[in-house]
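> This one is data.tsv, TSV, C-alpha atoms.
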chain	number	residue	atom	x	y	z
A	1	MET	CA	75.79	102.73	110.88
A	2	ASN	CA	76.14	105.24	108.09
A	3	ALA	CA	79.46	104.79	106.29
A	4	ASN	CA	79.90	108.57	106.42
A	5	MET	CA	79.99	108.47	110.24
A	6	GLN	CA	82.02	105.61	111.61
A	7	ALA	CA	83.15	107.31	114.82
A	8	ILE	CA	82.29	110.29	117.04
A	9	LEU	CA	85.02	112.26	118.80
A	10	PHE	CA	84.26	114.43	121.80
A	11	ASP	CA	85.94	117.54	123.11
A	12	MET	CA	85.68	117.71	126.91
A	13	ASP	CA	85.84	121.19	128.48
A	14	GLY	CA	82.82	123.29	127.63
A	15	LEU	CA	81.33	120.52	125.49
A	16	MET	CA	80.68	117.71	127.97
A	17	ILE	CA	81.57	119.42	131.26
A	18	ASP	CA	80.84	122.99	132.35
A	19	THR	CA	84.46	123.83	133.11
A	20	GLU	CA	85.13	127.01	131.13
A	21	SER	CA	83.30	129.15	133.69
A	22	VAL	CA	85.36	127.51	136.46
A	23	SER	CA	88.53	128.37	134.53
A	24	GLY	CA	87.39	131.98	134.39
A	25	HIS	CA	86.91	132.06	138.16
A	26	ALA	CA	90.39	130.61	138.64
A	27	TRP	CA	91.95	133.35	136.48
A	28	LEU	CA	90.07	136.04	138.40
A	29	ARG	CA	91.26	134.61	141.74
A	30	ALA	CA	94.82	134.49	140.47
A	31	ALA	CA	94.67	138.08	139.22
A	32	ALA	CA	93.30	139.29	142.56
A	33	GLU	CA	96.15	137.57	144.40
A	34	VAL	CA	98.80	139.02	142.12
A	35	GLY	CA	97.19	142.46	142.20
A	36	VAL	CA	96.27	142.98	138.55
A	37	ALA	CA	93.03	143.14	136.58
A	38	ILE	CA	92.41	140.61	133.82
A	39	PRO	CA	89.67	141.65	131.37
A	40	GLU	CA	86.82	139.30	130.52
A	41	GLN	CA	87.82	139.37	126.85
A	42	VAL	CA	91.27	138.03	127.72
A	43	ILE	CA	89.67	135.17	129.67
A	44	LEU	CA	87.22	134.40	126.87
A	45	GLY	CA	90.13	134.40	124.41
A	46	MET	CA	91.54	131.35	126.19
A	47	VAL	CA	88.52	129.10	125.60
A	48	GLY	CA	89.77	125.92	123.96
A	49	LEU	CA	93.46	126.66	124.46
A	50	SER	CA	96.04	124.43	126.17
A	51	VAL	CA	97.87	125.55	129.33
A	52	ASN	CA	100.92	126.69	127.35
A	53	LYS	CA	98.86	128.58	124.78
A	54	CYS	CA	96.92	130.28	127.59
A	55	LEU	CA	100.24	131.40	129.04
A	56	ASP	CA	101.25	132.87	125.68
A	57	HIS	CA	97.87	134.61	125.41
A	58	VAL	CA	98.15	136.22	128.85
A	59	ALA	CA	101.80	137.19	128.28
A	60	ALA	CA	100.80	138.93	125.04
A	61	HIS	CA	98.09	140.91	126.84
A	62	PHE	CA	100.29	142.09	129.71
A	63	GLN	CA	103.48	142.28	127.63
A	64	ASP	CA	105.15	140.65	130.63
A	65	ARG	CA	106.11	136.96	130.50
A	66	SER	CA	107.15	136.81	134.15
A	67	LEU	CA	103.80	138.22	135.31
A	68	ALA	CA	101.95	135.81	133.03
A	69	GLU	CA	103.86	132.84	134.46
A	70	LYS	CA	103.00	133.92	138.01
A	71	LEU	CA	99.33	134.32	137.07
A	72	SER	CA	99.29	130.98	135.27
A	73	GLN	CA	100.82	129.20	138.26
A	74	ARG	CA	98.25	130.65	140.67
A	75	CYS	CA	95.43	129.97	138.21
A	76	ARG	CA	96.43	126.31	137.88
A	77	HIS	CA	96.48	126.01	141.68
A	78	HIS	CA	92.95	127.38	142.01
A	79	TYR	CA	91.66	125.47	138.99
A	80	HIS	CA	93.01	122.16	140.30
A	81	GLU	CA	91.45	122.86	143.69
A	82	LEU	CA	88.07	123.70	142.14
A	83	MET	CA	88.20	120.67	139.85
A	84	SER	CA	89.21	118.33	142.67
A	85	THR	CA	86.81	119.49	145.37
A	86	GLY	CA	84.18	121.81	143.85
A	87	GLU	CA	80.98	120.95	142.04
A	88	LEU	CA	81.44	119.80	138.45
A	89	ARG	CA	78.35	120.16	136.29
A	90	LEU	CA	77.66	118.25	133.10
A	91	LYS	CA	76.44	120.12	130.05
A	92	PRO	CA	72.72	119.47	129.47
A	93	GLY	CA	72.13	116.61	127.05
A	94	ILE	CA	75.56	114.96	127.23
A	95	ILE	CA	74.29	111.82	128.97
A	96	GLU	CA	71.57	111.42	126.34
A	97	VAL	CA	74.17	111.76	123.58
A	98	LEU	CA	76.53	109.24	125.17
A	99	ASP	CA	73.75	106.75	125.93
A	100	TRP	CA	72.66	106.92	122.27
A	101	VAL	CA	76.23	106.51	121.02
A	102	GLN	CA	76.64	103.41	123.19
A	103	SER	CA	73.26	101.99	122.15
A	104	GLN	CA	74.33	102.29	118.50
A	105	ALA	CA	77.77	100.78	119.23
A	106	ILE	CA	79.45	103.75	117.53
A	107	PRO	CA	83.21	103.92	118.24
A	108	HIS	CA	83.98	107.08	120.21
A	109	ALA	CA	86.78	108.82	122.08
A	110	VAL	CA	87.72	112.00	123.93
A	111	ALA	CA	90.18	114.38	122.29
A	112	THR	CA	91.06	117.24	124.64
A	113	SER	CA	93.68	119.96	125.05
A	114	THR	CA	93.57	119.30	128.80
A	115	GLN	CA	96.58	117.53	130.31
A	116	ARG	CA	96.21	113.85	131.24
A	117	LEU	CA	96.06	114.28	135.02
A	118	MET	CA	93.27	116.83	134.89
A	119	CYS	CA	91.48	114.96	132.10
A	120	ASP	CA	91.27	111.85	134.26
A	121	ILE	CA	90.13	113.81	137.33
A	122	LYS	CA	87.30	115.45	135.39
A	123	LEU	CA	86.09	112.24	133.75
A	124	GLN	CA	86.23	110.38	137.05
A	125	ARG	CA	84.50	113.05	139.16
A	126	THR	CA	81.68	113.61	136.66
A	127	GLY	CA	81.03	109.91	136.15
A	128	LEU	CA	81.80	110.15	132.42
A	129	GLY	CA	84.86	107.90	132.61
A	130	PRO	CA	83.00	104.60	132.02
A	131	TYR	CA	81.66	105.92	128.71
A	132	PHE	CA	85.15	106.13	127.21
A	133	GLN	CA	87.71	103.41	126.59
A	134	HIS	CA	89.82	105.79	124.53
A	135	THR	CA	90.98	109.31	125.45
A	136	VAL	CA	93.76	111.53	124.12
A	137	ALA	CA	95.06	114.39	126.28
A	138	GLY	CA	96.83	117.57	125.27
A	139	ASP	CA	100.17	116.60	126.78
A	140	GLU	CA	100.22	113.33	124.82
A	141	VAL	CA	100.62	114.94	121.39
A	142	ALA	CA	103.26	117.20	119.86
A	143	ASN	CA	100.90	120.09	119.15
A	144	THR	CA	97.61	121.02	120.81
A	145	LYS	CA	94.51	122.56	119.25
A	146	PRO	CA	94.13	124.30	116.79
A	147	ALA	CA	96.65	121.76	115.41
A	148	PRO	CA	94.90	118.51	114.40
A	149	ASP	CA	97.15	116.19	116.46
A	150	VAL	CA	94.70	115.19	119.23
A	151	TYR	CA	91.96	114.38	116.74
A	152	LEU	CA	94.27	112.41	114.45
A	153	ALA	CA	95.57	110.49	117.46
A	154	ALA	CA	92.01	109.69	118.60
A	155	ALA	CA	91.04	108.46	115.14
A	156	ALA	CA	94.16	106.29	115.06
A	157	LEU	CA	93.26	104.77	118.45
A	158	LEU	CA	89.87	103.81	117.05
A	159	ASP	CA	91.40	102.69	113.74
A	160	ILE	CA	88.92	104.90	111.88
A	161	ALA	CA	89.81	107.11	108.91
A	162	PRO	CA	89.68	110.83	109.85
A	163	ALA	CA	87.18	111.55	107.06
A	164	ALA	CA	84.74	109.08	108.67
A	165	CYS	CA	84.86	110.84	112.06
A	166	VAL	CA	82.35	113.41	113.28
A	167	VAL	CA	83.56	115.76	116.01
A	168	LEU	CA	81.54	117.52	118.71
A	169	GLU	CA	83.20	120.79	119.76
A	170	ASP	CA	82.27	123.96	121.64
A	171	SER	CA	85.09	126.31	120.57
A	172	LEU	CA	86.32	127.74	117.28
A	173	ILE	CA	89.85	126.62	118.16
A	174	GLY	CA	88.64	123.05	118.55
A	175	MET	CA	86.60	123.30	115.36
A	176	ARG	CA	89.70	124.40	113.45
A	177	ALA	CA	91.65	121.47	114.88
A	178	ALA	CA	89.02	118.99	113.72
A	179	LEU	CA	88.73	120.56	110.28
A	180	ALA	CA	92.51	120.50	109.95
A	181	ALA	CA	92.30	116.75	110.68
A	182	GLY	CA	89.89	116.35	107.74
A	183	MET	CA	86.87	115.65	109.95
A	184	ARG	CA	83.33	116.99	110.01
A	185	VAL	CA	82.41	119.15	112.99
A	186	ILE	CA	79.21	119.89	114.87
A	187	LEU	CA	79.75	123.03	116.93
A	188	VAL	CA	77.84	123.54	120.19
A	189	PRO	CA	79.09	126.95	121.42
A	190	ASP	CA	79.63	127.33	125.16
A	191	MET	CA	80.71	130.75	126.45
A	192	LEU	CA	81.35	132.40	123.10
A	193	GLN	CA	78.74	132.66	120.36
A	194	PRO	CA	80.77	132.87	117.14
A	195	ALA	CA	79.84	134.94	114.12
A	196	ALA	CA	78.33	133.09	111.17
A	197	HIS	CA	81.35	133.68	108.94
A	198	GLU	CA	83.60	132.03	111.54
A	199	THR	CA	81.67	128.75	111.47
A	200	SER	CA	81.28	128.30	107.72
A	201	GLY	CA	83.40	125.13	107.85
A	202	ALA	CA	81.17	123.41	110.41
A	203	LEU	CA	78.61	120.78	109.47
A	204	ALA	CA	76.21	122.61	111.78
A	205	VAL	CA	76.06	124.99	114.74
A	206	CYS	CA	73.67	123.70	117.41
A	207	GLU	CA	72.12	125.54	120.35
A	208	ASP	CA	72.70	122.61	122.69
A	209	LEU	CA	73.56	118.93	122.82
A	210	HIS	CA	69.92	117.89	122.45
A	211	GLN	CA	69.87	119.56	119.04
A	212	ALA	CA	73.24	118.01	118.24
A	213	LEU	CA	71.87	114.54	119.09
A	214	ALA	CA	68.92	115.03	116.76
A	215	LEU	CA	71.38	115.87	113.99
A	216	LEU	CA	73.65	112.91	114.76
A	217	GLN	CA	70.67	110.57	114.49
A	218	THR	CA	70.19	111.66	110.86
A	219	LEU	CA	73.79	111.14	109.73
Taking this structure as input, can you express it in the form of C-alpha cells?

Amino acid sequence: MNANMQAILFDMDGLMIDTESVSGHAWLRAAAEVGVAIPEQVILGMVGLSVNKCLDHVAAHFQDRSLAEKLSQRCRHHYHELMSTGELRLKPGIIEVLDWVQSQAIPHAVATSTQRLMCDIKLQRTGLGPYFQHTVAGDEVANTKPAPDVYLAAAALLDIAPAACVVLEDSLIGMRAALAAGMRVILVPDMLQPAAHETSGALAVCEDLHQALALLQTL
C-alpha cells in the first residue's frame, strides 16, 4: 500500500447510498402536511447537513423556528418510514470500490453526519454493514460536518494519521469537513454539481464511483 494512502474513509448518504433524493421526498411530504411550500433550493441546501443543521437551515428560510421544528419532526417521521420499509438503492460502483478496498486490505471506515440509529438501519438494509468494522455517526461527536470531528474520530478508530487518509465524499460540506481534518478528498457529486472554484481543495472531482476507483488504484 502506498504510504500516502493508509486508509479510506467513506461518507454514507449520497456517496454509498442513494438517500438524498429520499430525504427530499420526505421534506416535500412534511411541507404538504403542514401546508407550506418548501423550494427545491432549500432542500438542496441541506445536502450533507446533520438533522440539527437542517433545522437551522429551514428555520432561516421561513424565519419561523416553530414552523421549522414542526416540519423537521414530520420529515423525520417520513424519512424513517421510507428508510425502514422503502427501497434503498446503492450508488453505482460502490460494491466494486468496497470489494477492491477489502482485496487490498486497506483500513476503512464510515464517517457520517447521520445519527447512529439511522446509520445502522441504512447499512443493514443495503447489505453494506459487513464491509465496515468501524463507523462514526453524527451524534457521536461534538460537532458535525463541516467540522472535522467525524473524520478525525474515524481516523483515530483506525489508528491512522489524518494526513494518510483519503476521503470519498459527495457534498461540499463533507469535503470541507475532510479538508479541515487535514485529509485528501475525492469528490463524487450527487444531487448538486459544484462550481470548479468550490472544489479547488479536492484531490479530484469524479463523475461516478467507477472513476473514483480508477483514481484510488493509482494512489
> Closest to Leu219 (chain A) among A:Arg74, A:Leu67, A:Asp190, A:Ala164, using only C-alpha atoms?
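Between A:Arg74, A:Leu67, A:Asp190, A:Ala164, the residue approaching Leu219 (chain A) most closely is A:Ala164.
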> Wanna dump the region 22-93 of chain A-region 173-181 of chain A contacts at 8 Å for me, each residue with its shortest atom pair and the distance in Å to one decimal, counting all atoms listed in the file, ordered by chain and number, as JSON lines?

{"residue": "A:Val47", "atom": "CA", "partner": "A:Ile173", "partner_atom": "CA", "distance": 8.0}
{"residue": "A:Gly48", "atom": "CA", "partner": "A:Ile173", "partner_atom": "CA", "distance": 5.8}
{"residue": "A:Leu49", "atom": "CA", "partner": "A:Ile173", "partner_atom": "CA", "distance": 7.3}
> May I ask for the distance between CA of Met16 (chain A) and CA of Ile186 (chain A), given in Å to one decimal place?
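According to the coordinates, CA of Met16 (chain A) and CA of Ile186 (chain A) are separated by 13.4 Å.
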> Using all atoms listed in the file, find the one residue out of A:Leu187, A:Ile17, A:Val42, A:Glu81 that sits nearest to Leu128 (chain A).
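Counting all atoms listed in the file, the residue closest to Leu128 (chain A) is A:Ile17.
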> Give me the residues near region 90-106 of chain A as JSON, numbers by chain, where near means some atom within 9 Å (using only C-alpha atoms) and where sequence neighbours in that chain fewer than 2 positions away do not count.
{"A": [1, 5, 6, 7, 8, 14, 15, 16, 17, 18, 19, 88, 108, 126, 128, 131, 208, 209, 210, 211, 212, 213, 216, 217]}
> Which neighbours of region 30-32 of chain A fall inside 8 Å, counting all atoms listed in the file, when residues of the same chain fewer than 4 positions from it are skipped, and could you give them as a VMD selection string?
chain A and resid 26 36 to 38 71 to 72 74 to 75 78
> Between CA of Met83 (chain A) and CA of Gly129 (chain A), what is the spacing in Å?
15.1 Å
> Could you tell me how far CA of Lys70 (chain A) lies from CA of His57 (chain A), in Å and to one decimal?
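If I compute the distance from CA of Lys70 (chain A) to CA of His57 (chain A), I get 13.6 Å.
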> Which residue out of A:Ser23, A:Gln41, A:Ser200, A:Thr135 has the minimum interatomic distance to Ala153 (chain A) when all atoms listed in the file are used?
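Going through A:Ser23, A:Gln41, A:Ser200, A:Thr135 one by one, the smallest distance to Ala153 (chain A) is for A:Thr135.
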> Smallest atom-to-atom distance to Leu157 (chain A): which of A:Pro189, A:Pro107, A:Pro39, A:Gly24, using all atoms listed in the file?
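When distances to Leu157 (chain A) are compared using all atoms listed in the file, the smallest one comes from A:Pro107.
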> Kindly indicate which residue among A:Arg184, A:Arg89, A:Lys53, A:His197 lies nearest to Thr114 (chain A), using only C-alpha atoms for the distances.
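Closest candidate: A:Lys53.
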> When distances are computed from only C-alpha atoms, which of A:Val167, A:Val51, A:Met183, A:Cys206 shows the smallest separation from Ser113 (chain A)?
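Nearest candidate to Ser113 (chain A) out of A:Val167, A:Val51, A:Met183, A:Cys206: A:Val51.
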> Would you mind listing what lies within 10 Å of Cys119 (chain A) as number ranges by chain, with only C-alpha atoms counted and same-chain residues fewer than 2 positions away left out?
A: 12-13, 110-117, 121-124, 129, 135-138
